[in-house]
Structure formats: C-alpha cells, structure tokens
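So this block is start-v2.cif, mmCIF, C-alpha atoms; chains and numbers go by the auth columns:
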```cif
data_coords
#
loop_
_atom_site.group_PDB
_atom_site.id
_atom_site.type_symbol
_atom_site.label_atom_id
_atom_site.label_comp_id
_atom_site.label_asym_id
_atom_site.label_seq_id
_atom_site.Cartn_x
_atom_site.Cartn_y
_atom_site.Cartn_z
_atom_site.B_iso_or_equiv
_atom_site.auth_seq_id
_atom_site.auth_asym_id
ATOM 1 C CA GLU A 1 83.693 142.181 178.978 0.00 136 A
ATOM 2 C CA GLY A 2 84.495 140.976 182.485 0.00 137 A
ATOM 3 C CA GLU A 3 84.651 137.377 183.567 0.00 138 A
ATOM 4 C CA ALA A 4 81.482 135.576 184.576 0.00 139 A
ATOM 5 C CA LYS A 5 80.760 135.671 188.297 0.00 140 A
ATOM 6 C CA PRO A 6 81.661 132.338 189.954 0.00 141 A
ATOM 7 C CA LEU A 7 78.754 130.122 190.993 0.00 142 A
ATOM 8 C CA VAL A 8 79.976 130.015 194.618 0.00 143 A
ATOM 9 C CA ARG A 9 83.012 131.393 196.450 0.00 144 A
ATOM 10 C CA TRP A 10 84.690 128.938 198.870 0.00 145 A
ATOM 11 C CA GLN A 11 86.432 130.714 201.770 0.00 146 A
ATOM 12 C CA ALA A 12 88.549 128.979 204.431 0.00 147 A
ATOM 13 C CA HIS A 13 87.761 129.711 208.081 0.00 148 A
ATOM 14 C CA GLY A 14 89.950 128.639 210.994 0.00 149 A
ATOM 15 C CA GLU A 15 91.088 125.042 211.201 0.00 150 A
ATOM 16 C CA GLY A 16 89.140 123.090 208.620 0.00 151 A
ATOM 17 C CA GLY A 17 86.177 125.457 208.498 0.00 152 A
ATOM 18 C CA VAL A 18 84.742 126.696 205.225 0.00 153 A
ATOM 19 C CA GLU A 19 82.188 129.292 204.195 0.00 154 A
ATOM 20 C CA LEU A 20 80.368 129.253 200.873 0.00 155 A
ATOM 21 C CA VAL A 21 79.256 132.606 199.518 0.00 156 A
ATOM 22 C CA HIS A 22 76.378 132.254 197.042 0.00 157 A
ATOM 23 C CA ASN A 23 75.113 134.812 194.540 0.00 158 A
ATOM 24 C CA PHE A 24 71.510 134.461 195.807 0.00 159 A
ATOM 25 C CA PRO A 25 69.927 133.985 199.264 0.00 160 A
ATOM 26 C CA VAL A 26 69.965 130.287 200.229 0.00 161 A
ATOM 27 C CA LYS A 27 66.678 128.919 201.623 0.00 162 A
ATOM 28 C CA SER A 28 67.700 125.339 202.373 0.00 163 A
ATOM 29 C CA VAL A 29 70.644 122.955 202.582 0.00 164 A
ATOM 30 C CA THR A 30 70.549 119.153 202.395 0.00 165 A
ATOM 31 C CA TRP A 31 73.310 116.577 202.813 0.00 166 A
ATOM 32 C CA HIS A 32 73.874 113.319 200.974 0.00 167 A
ATOM 33 C CA THR A 33 73.969 110.395 203.441 0.00 168 A
ATOM 34 C CA GLN A 34 77.654 109.689 202.697 0.00 169 A
ATOM 35 C CA GLY A 35 78.554 113.212 203.778 0.00 170 A
ATOM 36 C CA ASP A 36 80.794 114.455 200.954 0.00 171 A
ATOM 37 C CA TYR A 37 78.042 116.108 198.912 0.00 172 A
ATOM 38 C CA PHE A 38 75.437 118.671 199.857 0.00 173 A
ATOM 39 C CA ALA A 39 73.018 120.797 197.881 0.00 174 A
ATOM 40 C CA THR A 40 71.733 124.308 198.399 0.00 175 A
ATOM 41 C CA VAL A 41 68.516 125.898 197.145 0.00 176 A
ATOM 42 C CA ALA A 42 68.204 129.584 196.392 0.00 177 A
ATOM 43 C CA PRO A 43 64.671 129.921 194.942 0.00 178 A
ATOM 44 C CA THR A 44 65.348 133.388 193.493 0.00 179 A
ATOM 45 C CA GLY A 45 68.490 132.131 191.741 0.00 180 A
ATOM 46 C CA ASN A 46 66.737 131.217 188.477 0.00 181 A
ATOM 47 C CA THR A 47 69.218 128.933 186.658 0.00 182 A
ATOM 48 C CA GLN A 48 71.453 128.959 189.780 0.00 183 A
ATOM 49 C CA ALA A 49 68.623 127.944 192.131 0.00 184 A
ATOM 50 C CA VAL A 50 70.169 124.503 192.779 0.00 185 A
ATOM 51 C CA VAL A 51 73.887 124.083 193.430 0.00 186 A
ATOM 52 C CA VAL A 52 75.539 120.769 194.375 0.00 187 A
ATOM 53 C CA HIS A 53 78.774 120.999 196.357 0.00 188 A
ATOM 54 C CA GLN A 54 81.528 118.417 196.916 0.00 189 A
ATOM 55 C CA LEU A 55 83.234 119.094 200.226 0.00 190 A
ATOM 56 C CA SER A 56 86.398 116.999 199.694 0.00 191 A
ATOM 57 C CA LYS A 57 87.234 118.769 196.417 0.00 192 A
ATOM 58 C CA ARG A 58 85.785 122.151 197.398 0.00 193 A
ATOM 59 C CA LYS A 59 83.920 122.301 194.113 0.00 194 A
ATOM 60 C CA SER A 60 80.408 123.420 193.255 0.00 195 A
ATOM 61 C CA GLN A 61 78.334 122.714 190.194 0.00 196 A
ATOM 62 C CA ASN A 62 74.978 123.654 188.787 0.00 197 A
ATOM 63 C CA PRO A 63 73.257 120.417 187.674 0.00 198 A
ATOM 64 C CA PHE A 64 70.514 122.178 185.681 0.00 199 A
ATOM 65 C CA ARG A 65 70.786 124.623 182.803 0.00 200 A
ATOM 66 C CA LYS A 66 67.155 125.576 183.340 0.00 201 A
ATOM 67 C CA ASN A 67 64.588 124.838 186.016 0.00 202 A
ATOM 68 C CA ARG A 68 61.014 123.947 185.218 0.00 203 A
ATOM 69 C CA GLY A 69 59.288 126.026 187.875 0.00 204 A
ATOM 70 C CA ARG A 70 60.575 127.721 191.004 0.00 205 A
ATOM 71 C CA VAL A 71 62.613 125.229 193.043 0.00 206 A
ATOM 72 C CA GLN A 72 61.500 124.943 196.682 0.00 207 A
ATOM 73 C CA PHE A 73 63.467 121.961 198.044 0.00 208 A
ATOM 74 C CA VAL A 74 65.905 119.250 196.986 0.00 209 A
ATOM 75 C CA LYS A 75 66.856 115.919 198.574 0.00 210 A
ATOM 76 C CA PHE A 76 69.326 113.161 197.750 0.00 211 A
ATOM 77 C CA HIS A 77 68.180 109.531 197.610 0.00 212 A
ATOM 78 C CA PRO A 78 69.856 107.727 200.547 0.00 213 A
ATOM 79 C CA SER A 79 71.436 104.925 198.475 0.00 214 A
ATOM 80 C CA LYS A 80 70.805 105.425 194.739 0.00 215 A
ATOM 81 C CA PRO A 81 72.040 108.214 192.443 0.00 216 A
ATOM 82 C CA PHE A 82 68.623 109.917 192.488 0.00 217 A
ATOM 83 C CA PHE A 83 68.032 113.583 193.219 0.00 218 A
ATOM 84 C CA PHE A 84 64.574 114.908 194.138 0.00 219 A
ATOM 85 C CA VAL A 85 63.711 118.447 193.044 0.00 220 A
ATOM 86 C CA ALA A 86 60.472 119.961 194.369 0.00 221 A
ATOM 87 C CA THR A 87 59.084 122.962 192.533 0.00 222 A
ATOM 88 C CA SER A 88 55.849 124.678 193.510 0.00 223 A
ATOM 89 C CA ASN A 89 53.663 121.980 191.953 0.00 224 A
ATOM 90 C CA HIS A 90 55.734 118.861 191.150 0.00 225 A
ATOM 91 C CA VAL A 91 58.559 116.689 192.399 0.00 226 A
ATOM 92 C CA ARG A 92 60.956 115.648 189.661 0.00 227 A
ATOM 93 C CA VAL A 93 63.270 112.698 190.238 0.00 228 A
ATOM 94 C CA TYR A 94 66.572 112.846 188.361 0.00 229 A
ATOM 95 C CA ASN A 95 69.120 110.094 187.881 0.00 230 A
ATOM 96 C CA LEU A 96 72.442 111.834 188.530 0.00 231 A
ATOM 97 C CA ALA A 97 74.500 108.996 186.993 0.00 232 A
ATOM 98 C CA LYS A 98 72.560 109.103 183.700 0.00 233 A
ATOM 99 C CA GLN A 99 71.865 112.846 183.953 0.00 234 A
ATOM 100 C CA SER A 100 68.228 112.310 183.020 0.00 235 A
ATOM 101 C CA LEU A 101 64.727 112.785 184.374 0.00 236 A
ATOM 102 C CA THR A 102 63.470 109.482 185.842 0.00 237 A
ATOM 103 C CA LYS A 103 60.009 110.406 187.169 0.00 238 A
ATOM 104 C CA LYS A 104 57.712 113.345 187.672 0.00 239 A
ATOM 105 C CA LEU A 105 55.537 112.963 190.759 0.00 240 A
ATOM 106 C CA ILE A 106 52.130 114.545 190.383 0.00 241 A
ATOM 107 C CA GLY A 107 50.808 116.091 193.587 0.00 242 A
ATOM 108 C CA GLY A 108 47.581 117.762 194.556 0.00 243 A
ATOM 109 C CA SER A 109 46.348 121.268 193.992 0.00 244 A
ATOM 110 C CA GLY A 110 48.405 122.950 196.706 0.00 245 A
ATOM 111 C CA VAL A 111 51.807 124.595 196.459 0.00 246 A
ATOM 112 C CA ILE A 112 54.567 122.327 197.838 0.00 247 A
ATOM 113 C CA THR A 113 55.926 123.601 201.146 0.00 248 A
ATOM 114 C CA SER A 114 58.076 120.692 202.401 0.00 249 A
ATOM 115 C CA LEU A 115 59.597 117.375 201.355 0.00 250 A
ATOM 116 C CA ASP A 116 61.313 114.380 202.928 0.00 251 A
ATOM 117 C CA VAL A 117 62.603 111.032 201.672 0.00 252 A
ATOM 118 C CA HIS A 118 62.414 107.860 203.787 0.00 253 A
ATOM 119 C CA SER A 119 65.776 106.336 204.766 0.00 254 A
ATOM 120 C CA GLY A 120 64.939 103.319 202.566 0.00 255 A
ATOM 121 C CA GLY A 121 64.434 105.665 199.628 0.00 256 A
ATOM 122 C CA ASP A 122 61.179 104.184 198.371 0.00 257 A
ATOM 123 C CA ASN A 123 58.723 106.535 200.097 0.00 258 A
ATOM 124 C CA ILE A 124 58.435 110.301 199.870 0.00 259 A
ATOM 125 C CA ILE A 125 56.209 112.690 201.806 0.00 260 A
ATOM 126 C CA VAL A 126 55.287 116.135 200.538 0.00 261 A
ATOM 127 C CA GLY A 127 53.527 118.856 202.529 0.00 262 A
ATOM 128 C CA CYS A 128 51.306 121.351 200.711 0.00 263 A
ATOM 129 C CA GLU A 129 49.637 124.716 201.269 0.00 264 A
ATOM 130 C CA ASP A 130 46.216 123.084 200.715 0.00 265 A
ATOM 131 C CA ASN A 131 46.656 121.423 204.169 0.00 266 A
ATOM 132 C CA ARG A 132 47.361 118.001 202.609 0.00 267 A
ATOM 133 C CA LEU A 133 50.195 115.535 202.965 0.00 268 A
ATOM 134 C CA MET A 134 50.994 113.577 199.802 0.00 269 A
ATOM 135 C CA TRP A 135 52.586 110.183 200.463 0.00 270 A
ATOM 136 C CA PHE A 136 54.310 108.662 197.430 0.00 271 A
ATOM 137 C CA ASP A 137 55.465 105.068 197.059 0.00 272 A
ATOM 138 C CA MET A 138 58.178 105.226 194.380 0.00 273 A
ATOM 139 C CA ASP A 139 57.611 101.574 193.407 0.00 274 A
ATOM 140 C CA LEU A 140 53.882 102.009 192.727 0.00 275 A
ATOM 141 C CA SER A 141 53.040 105.188 190.872 0.00 276 A
ATOM 142 C CA THR A 142 53.803 108.816 190.058 0.00 277 A
ATOM 143 C CA LYS A 143 50.541 109.709 191.818 0.00 278 A
ATOM 144 C CA PRO A 144 50.232 109.772 195.623 0.00 279 A
ATOM 145 C CA TYR A 145 49.774 106.450 197.399 0.00 280 A
ATOM 146 C CA ARG A 146 47.780 108.383 199.996 0.00 281 A
ATOM 147 C CA ALA A 147 46.634 111.989 200.338 0.00 282 A
ATOM 148 C CA LEU A 148 46.082 112.792 204.011 0.00 283 A
ATOM 149 C CA LYS A 149 44.268 115.858 205.300 0.00 284 A
ATOM 150 C CA TYR A 150 44.516 116.144 209.082 0.00 285 A
ATOM 151 C CA HIS A 151 45.553 119.803 209.296 0.00 286 A
ATOM 152 C CA ASN A 152 43.329 122.884 209.190 0.00 287 A
ATOM 153 C CA GLN A 153 46.215 125.105 208.062 0.00 288 A
ATOM 154 C CA PRO A 154 48.977 124.791 205.436 0.00 289 A
ATOM 155 C CA ILE A 155 51.632 122.161 206.181 0.00 290 A
ATOM 156 C CA ARG A 156 55.056 123.762 206.716 0.00 291 A
ATOM 157 C CA GLY A 157 57.234 120.816 207.698 0.00 292 A
ATOM 158 C CA VAL A 158 57.411 117.051 207.127 0.00 293 A
ATOM 159 C CA ALA A 159 59.985 114.565 208.424 0.00 294 A
ATOM 160 C CA TYR A 160 60.516 110.816 208.488 0.00 295 A
ATOM 161 C CA HIS A 161 61.943 109.170 211.604 0.00 296 A
ATOM 162 C CA ARG A 162 65.411 107.772 210.835 0.00 297 A
ATOM 163 C CA SER A 163 64.759 104.265 212.146 0.00 298 A
ATOM 164 C CA TYR A 164 61.086 103.795 213.072 0.00 299 A
ATOM 165 C CA PRO A 165 58.158 103.612 210.618 0.00 300 A
ATOM 166 C CA LEU A 166 56.949 107.094 211.580 0.00 301 A
ATOM 167 C CA PHE A 167 56.660 110.500 210.051 0.00 302 A
ATOM 168 C CA ALA A 168 55.645 113.853 211.513 0.00 303 A
ATOM 169 C CA THR A 169 54.017 116.918 210.005 0.00 304 A
ATOM 170 C CA SER A 170 53.602 120.468 211.250 0.00 305 A
ATOM 171 C CA SER A 171 51.326 123.260 210.099 0.00 306 A
ATOM 172 C CA ASP A 172 50.497 126.880 210.773 0.00 307 A
#
```

Once you've parsed the file, please lay out its structure as structure tokens.
Amino acid sequence: EGEAKPLVRWQAHGEGGVELVHNFPVKSVTWHTQGDYFATVAPTGNTQAVVVHQLSKRKSQNPFRKNRGRVQFVKFHPSKPFFFVATSNHVRVYNLAKQSLTKKLIGGSGVITSLDVHSGGDNIIVGCEDNRLMWFDMDLSTKPYRALKYHNQPIRGVAYHRSYPLFATSSD
C-alpha cells in the first residue's frame, strides 16, 4: 500500500512566502494572538476538519482524532491555552496544554453560523440561524448570559471590537 497522504503540503513562494495545500476546501482561518500559530477549518474534512499550523516550524497537526459534529469555526483564547471549537449546535472549549475538554457551551435551537472571542477571553458571542445572538460569560455558566434577538434573518457574522466594549452582528 502507498503512504498516507500528508495532512497539509507546505510550499515556499518567493521571499518568505508560503502556501499551504489542504486535502479539503478550507472555510475559515484564525490566528493566535502571538502570531506563530493559526488554525484552519475544512468542514467537509471529517477527522481533518481542524488543522493547527505552526508558522516558525512549518508544521501542521490535527488536534482531534474525531470531531463531535461538523466543525464550523475555531478560535484561540487570547491569553490562555484554550481552543474554541464551534460545531453546528455547540461550542466546545479545549485546554490545549492538558489536551482535554474544559467546557461545552450550550446554545439555543439554531445552527451556529459565527463565533468571536473577546480580547479579554472571558466573553464569547455566537451567531445562529434562528436570528439569535448568544452571549456567553465564561466565568458564569455554560449557558448563555444573554440571548439577544434583534435580527429578522439568520445572523451571519459577529465581531468584538478590539479595544472598546462593543460588538457587532450582521444578518441576511
């Protein structure tokens, strides 16, 4: 039998440029705040849906042997070794240092369409297809601190402001 296909192919481009060729179509990319790590999500990739890359070493790894649900988005915690993985219905919080599940955030009835983590790391916002925004306070509960419904269409994007106590949402 032939060798297993590599998770990702790193290809050099020009002076210092690099291209990563994945086995499945990538839907999103997110950077760690320190800039050496980034993660990609390929929802159709099954066990290769989430890949974490280290730029300085030009290495890629698959942190999960199996995914519980179809992965939609991932985010790094800004200062702690936590990794947020949003599937269609839940957000799981993993401790990368301990390689264990820390929390499972329980959302509403809608499919998760977007996710962002506050720069302080203690608040998370999740947009859903049921037109709701779920606002989680990580210090309080695994259930939403607030569920806000100001949109008449599914929420497609959520984002915290980097320095002010603001967040924005967008919908169809």

Each residue of region 158-207 of chain A lying at most 7 Å from region 223-226 of chain A should get a row with its shortest atom-to-atom pair and the distance in Å to one decimal, counting all atoms listed in the file; could you produce that, ordered by chain and increasing number, as CSV?
```
residue,atom,partner,partner_atom,distance
A:Gly204,CA,A:Ser223,CA,6.7
A:Arg205,CA,A:Ser223,CA,6.2
A:Val206,CA,A:Ser223,CA,6.8
A:Gln207,CA,A:Ser223,CA,6.5
```

Which residues fall under the PyMOL selection byres ((chain A and resi 257) around 8) in this file, as an MDAnalysis selection string?
chainID A and resid 252:253 255:256 258:259 272:274

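Minimum distance to Val246 (chain A) across A:Val228, A:Ile290, A:Val161, A:Leu301 (counting only C-alpha atoms) occurs at A:Ile290.
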
The PyMOL selection byres ((chain A and resi 307) around 10) on the file shown: which residues, as a VMD selection string?
chain A and resid 264 266 286 to 292 305 to 306

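Our summary of the geometry notes that CA of Asp251 (chain A) is positioned 14.3 Å from CA of Ala174 (chain A).
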
Contacts of Lys239 (chain A) within 12 Å, only C-alpha atoms, excl. fewer than 5 positions in-chain, as a PyMOL selection string
chain A and resi 203+218-222+224-230+271+273+276-279

Got a sec to resolve the PyMOL selection byres ((chain A and resi 188) around 9) on this structure and send the residues as a ChimeraX atom specification?
/A:171-175,186-187,189-190,192-197

Take the residues from that selection and write them out as a PDB file, in the coordinates of the input, keeping C-alpha atoms.
```
ATOM      1  CA  ASP A 171      80.794 114.455 200.954  1.00  0.00           C
ATOM      2  CA  TYR A 172      78.042 116.108 198.912  1.00  0.00           C
ATOM      3  CA  PHE A 173      75.437 118.671 199.857  1.00  0.00           C
ATOM      4  CA  ALA A 174      73.018 120.797 197.881  1.00  0.00           C
ATOM      5  CA  THR A 175      71.733 124.308 198.399  1.00  0.00           C
ATOM      6  CA  VAL A 186      73.887 124.083 193.430  1.00  0.00           C
ATOM      7  CA  VAL A 187      75.539 120.769 194.375  1.00  0.00           C
ATOM      8  CA  GLN A 189      81.528 118.417 196.916  1.00  0.00           C
ATOM      9  CA  LEU A 190      83.234 119.094 200.226  1.00  0.00           C
ATOM     10  CA  LYS A 192      87.234 118.769 196.417  1.00  0.00           C
ATOM     11  CA  ARG A 193      85.785 122.151 197.398  1.00  0.00           C
ATOM     12  CA  LYS A 194      83.920 122.301 194.113  1.00  0.00           C
ATOM     13  CA  SER A 195      80.408 123.420 193.255  1.00  0.00           C
ATOM     14  CA  GLN A 196      78.334 122.714 190.194  1.00  0.00           C
ATOM     15  CA  ASN A 197      74.978 123.654 188.787  1.00  0.00           C
TER      16      ASN A 197
END
```

Starting from the incomplete input, reconstruct N, CA and C atoms of region 242-265 of chain A and report them as a tab-separated table (two decimals), keeping the file's coordinate frame.
```
chain	number	residue	atom	x	y	z
A	242	GLY	N	51.41	115.88	192.28
A	242	GLY	CA	50.81	116.09	193.59
A	242	GLY	C	49.38	116.57	193.48
A	243	GLY	N	48.94	117.24	194.51
A	243	GLY	CA	47.58	117.76	194.56
A	243	GLY	C	47.51	119.16	193.99
A	244	SER	N	46.57	119.92	194.51
A	244	SER	CA	46.35	121.27	193.99
A	244	SER	C	47.13	122.33	194.75
A	245	GLY	N	47.73	121.97	195.88
A	245	GLY	CA	48.40	122.95	196.71
A	245	GLY	C	49.87	123.13	196.35
A	246	VAL	N	50.39	124.30	196.67
A	246	VAL	CA	51.81	124.60	196.46
A	246	VAL	C	52.62	123.77	197.46
A	247	ILE	N	53.72	123.16	196.99
A	247	ILE	CA	54.57	122.33	197.84
A	247	ILE	C	55.34	123.20	198.82
A	248	THR	N	55.27	122.82	200.10
A	248	THR	CA	55.93	123.60	201.15
A	248	THR	C	57.04	122.84	201.85
A	249	SER	N	57.07	121.50	201.71
A	249	SER	CA	58.08	120.69	202.40
A	249	SER	C	58.18	119.32	201.75
A	250	LEU	N	59.31	118.65	202.01
A	250	LEU	CA	59.60	117.38	201.36
A	250	LEU	C	60.55	116.57	202.22
A	251	ASP	N	60.33	115.25	202.29
A	251	ASP	CA	61.31	114.38	202.93
A	251	ASP	C	61.29	113.02	202.24
A	252	VAL	N	62.43	112.34	202.29
A	252	VAL	CA	62.60	111.03	201.67
A	252	VAL	C	62.91	110.04	202.79
A	253	HIS	N	62.20	108.91	202.79
A	253	HIS	CA	62.41	107.86	203.79
A	253	HIS	C	63.83	107.31	203.67
A	254	SER	N	64.40	106.85	204.77
A	254	SER	CA	65.78	106.34	204.77
A	254	SER	C	65.95	105.13	203.84
A	255	GLY	N	64.87	104.42	203.53
A	255	GLY	CA	64.94	103.32	202.57
A	255	GLY	C	64.88	103.81	201.13
A	256	GLY	N	64.44	105.05	200.95
A	256	GLY	CA	64.43	105.66	199.63
A	256	GLY	C	63.22	105.40	198.77
A	257	ASP	N	62.30	104.53	199.23
A	257	ASP	CA	61.18	104.18	198.37
A	257	ASP	C	59.89	104.94	198.69
A	258	ASN	N	59.89	105.73	199.74
A	258	ASN	CA	58.72	106.54	200.10
A	258	ASN	C	59.12	108.00	200.27
A	259	ILE	N	58.21	108.86	199.80
A	259	ILE	CA	58.44	110.30	199.87
A	259	ILE	C	57.18	110.93	200.44
A	260	ILE	N	57.34	111.91	201.32
A	260	ILE	CA	56.21	112.69	201.81
A	260	ILE	C	56.40	114.15	201.40
A	261	VAL	N	55.29	114.77	201.02
A	261	VAL	CA	55.29	116.14	200.54
A	261	VAL	C	54.17	116.89	201.25
A	262	GLY	N	54.52	117.99	201.90
A	262	GLY	CA	53.53	118.86	202.53
A	262	GLY	C	53.11	119.95	201.57
A	263	CYS	N	51.83	120.36	201.65
A	263	CYS	CA	51.31	121.35	200.71
A	263	CYS	C	50.53	122.45	201.43
A	264	GLU	N	50.38	123.58	200.72
A	264	GLU	CA	49.64	124.72	201.27
A	264	GLU	C	48.14	124.44	201.35
A	265	ASP	N	47.65	123.41	200.65
A	265	ASP	CA	46.22	123.08	200.72
A	265	ASP	C	45.90	122.18	201.91
```
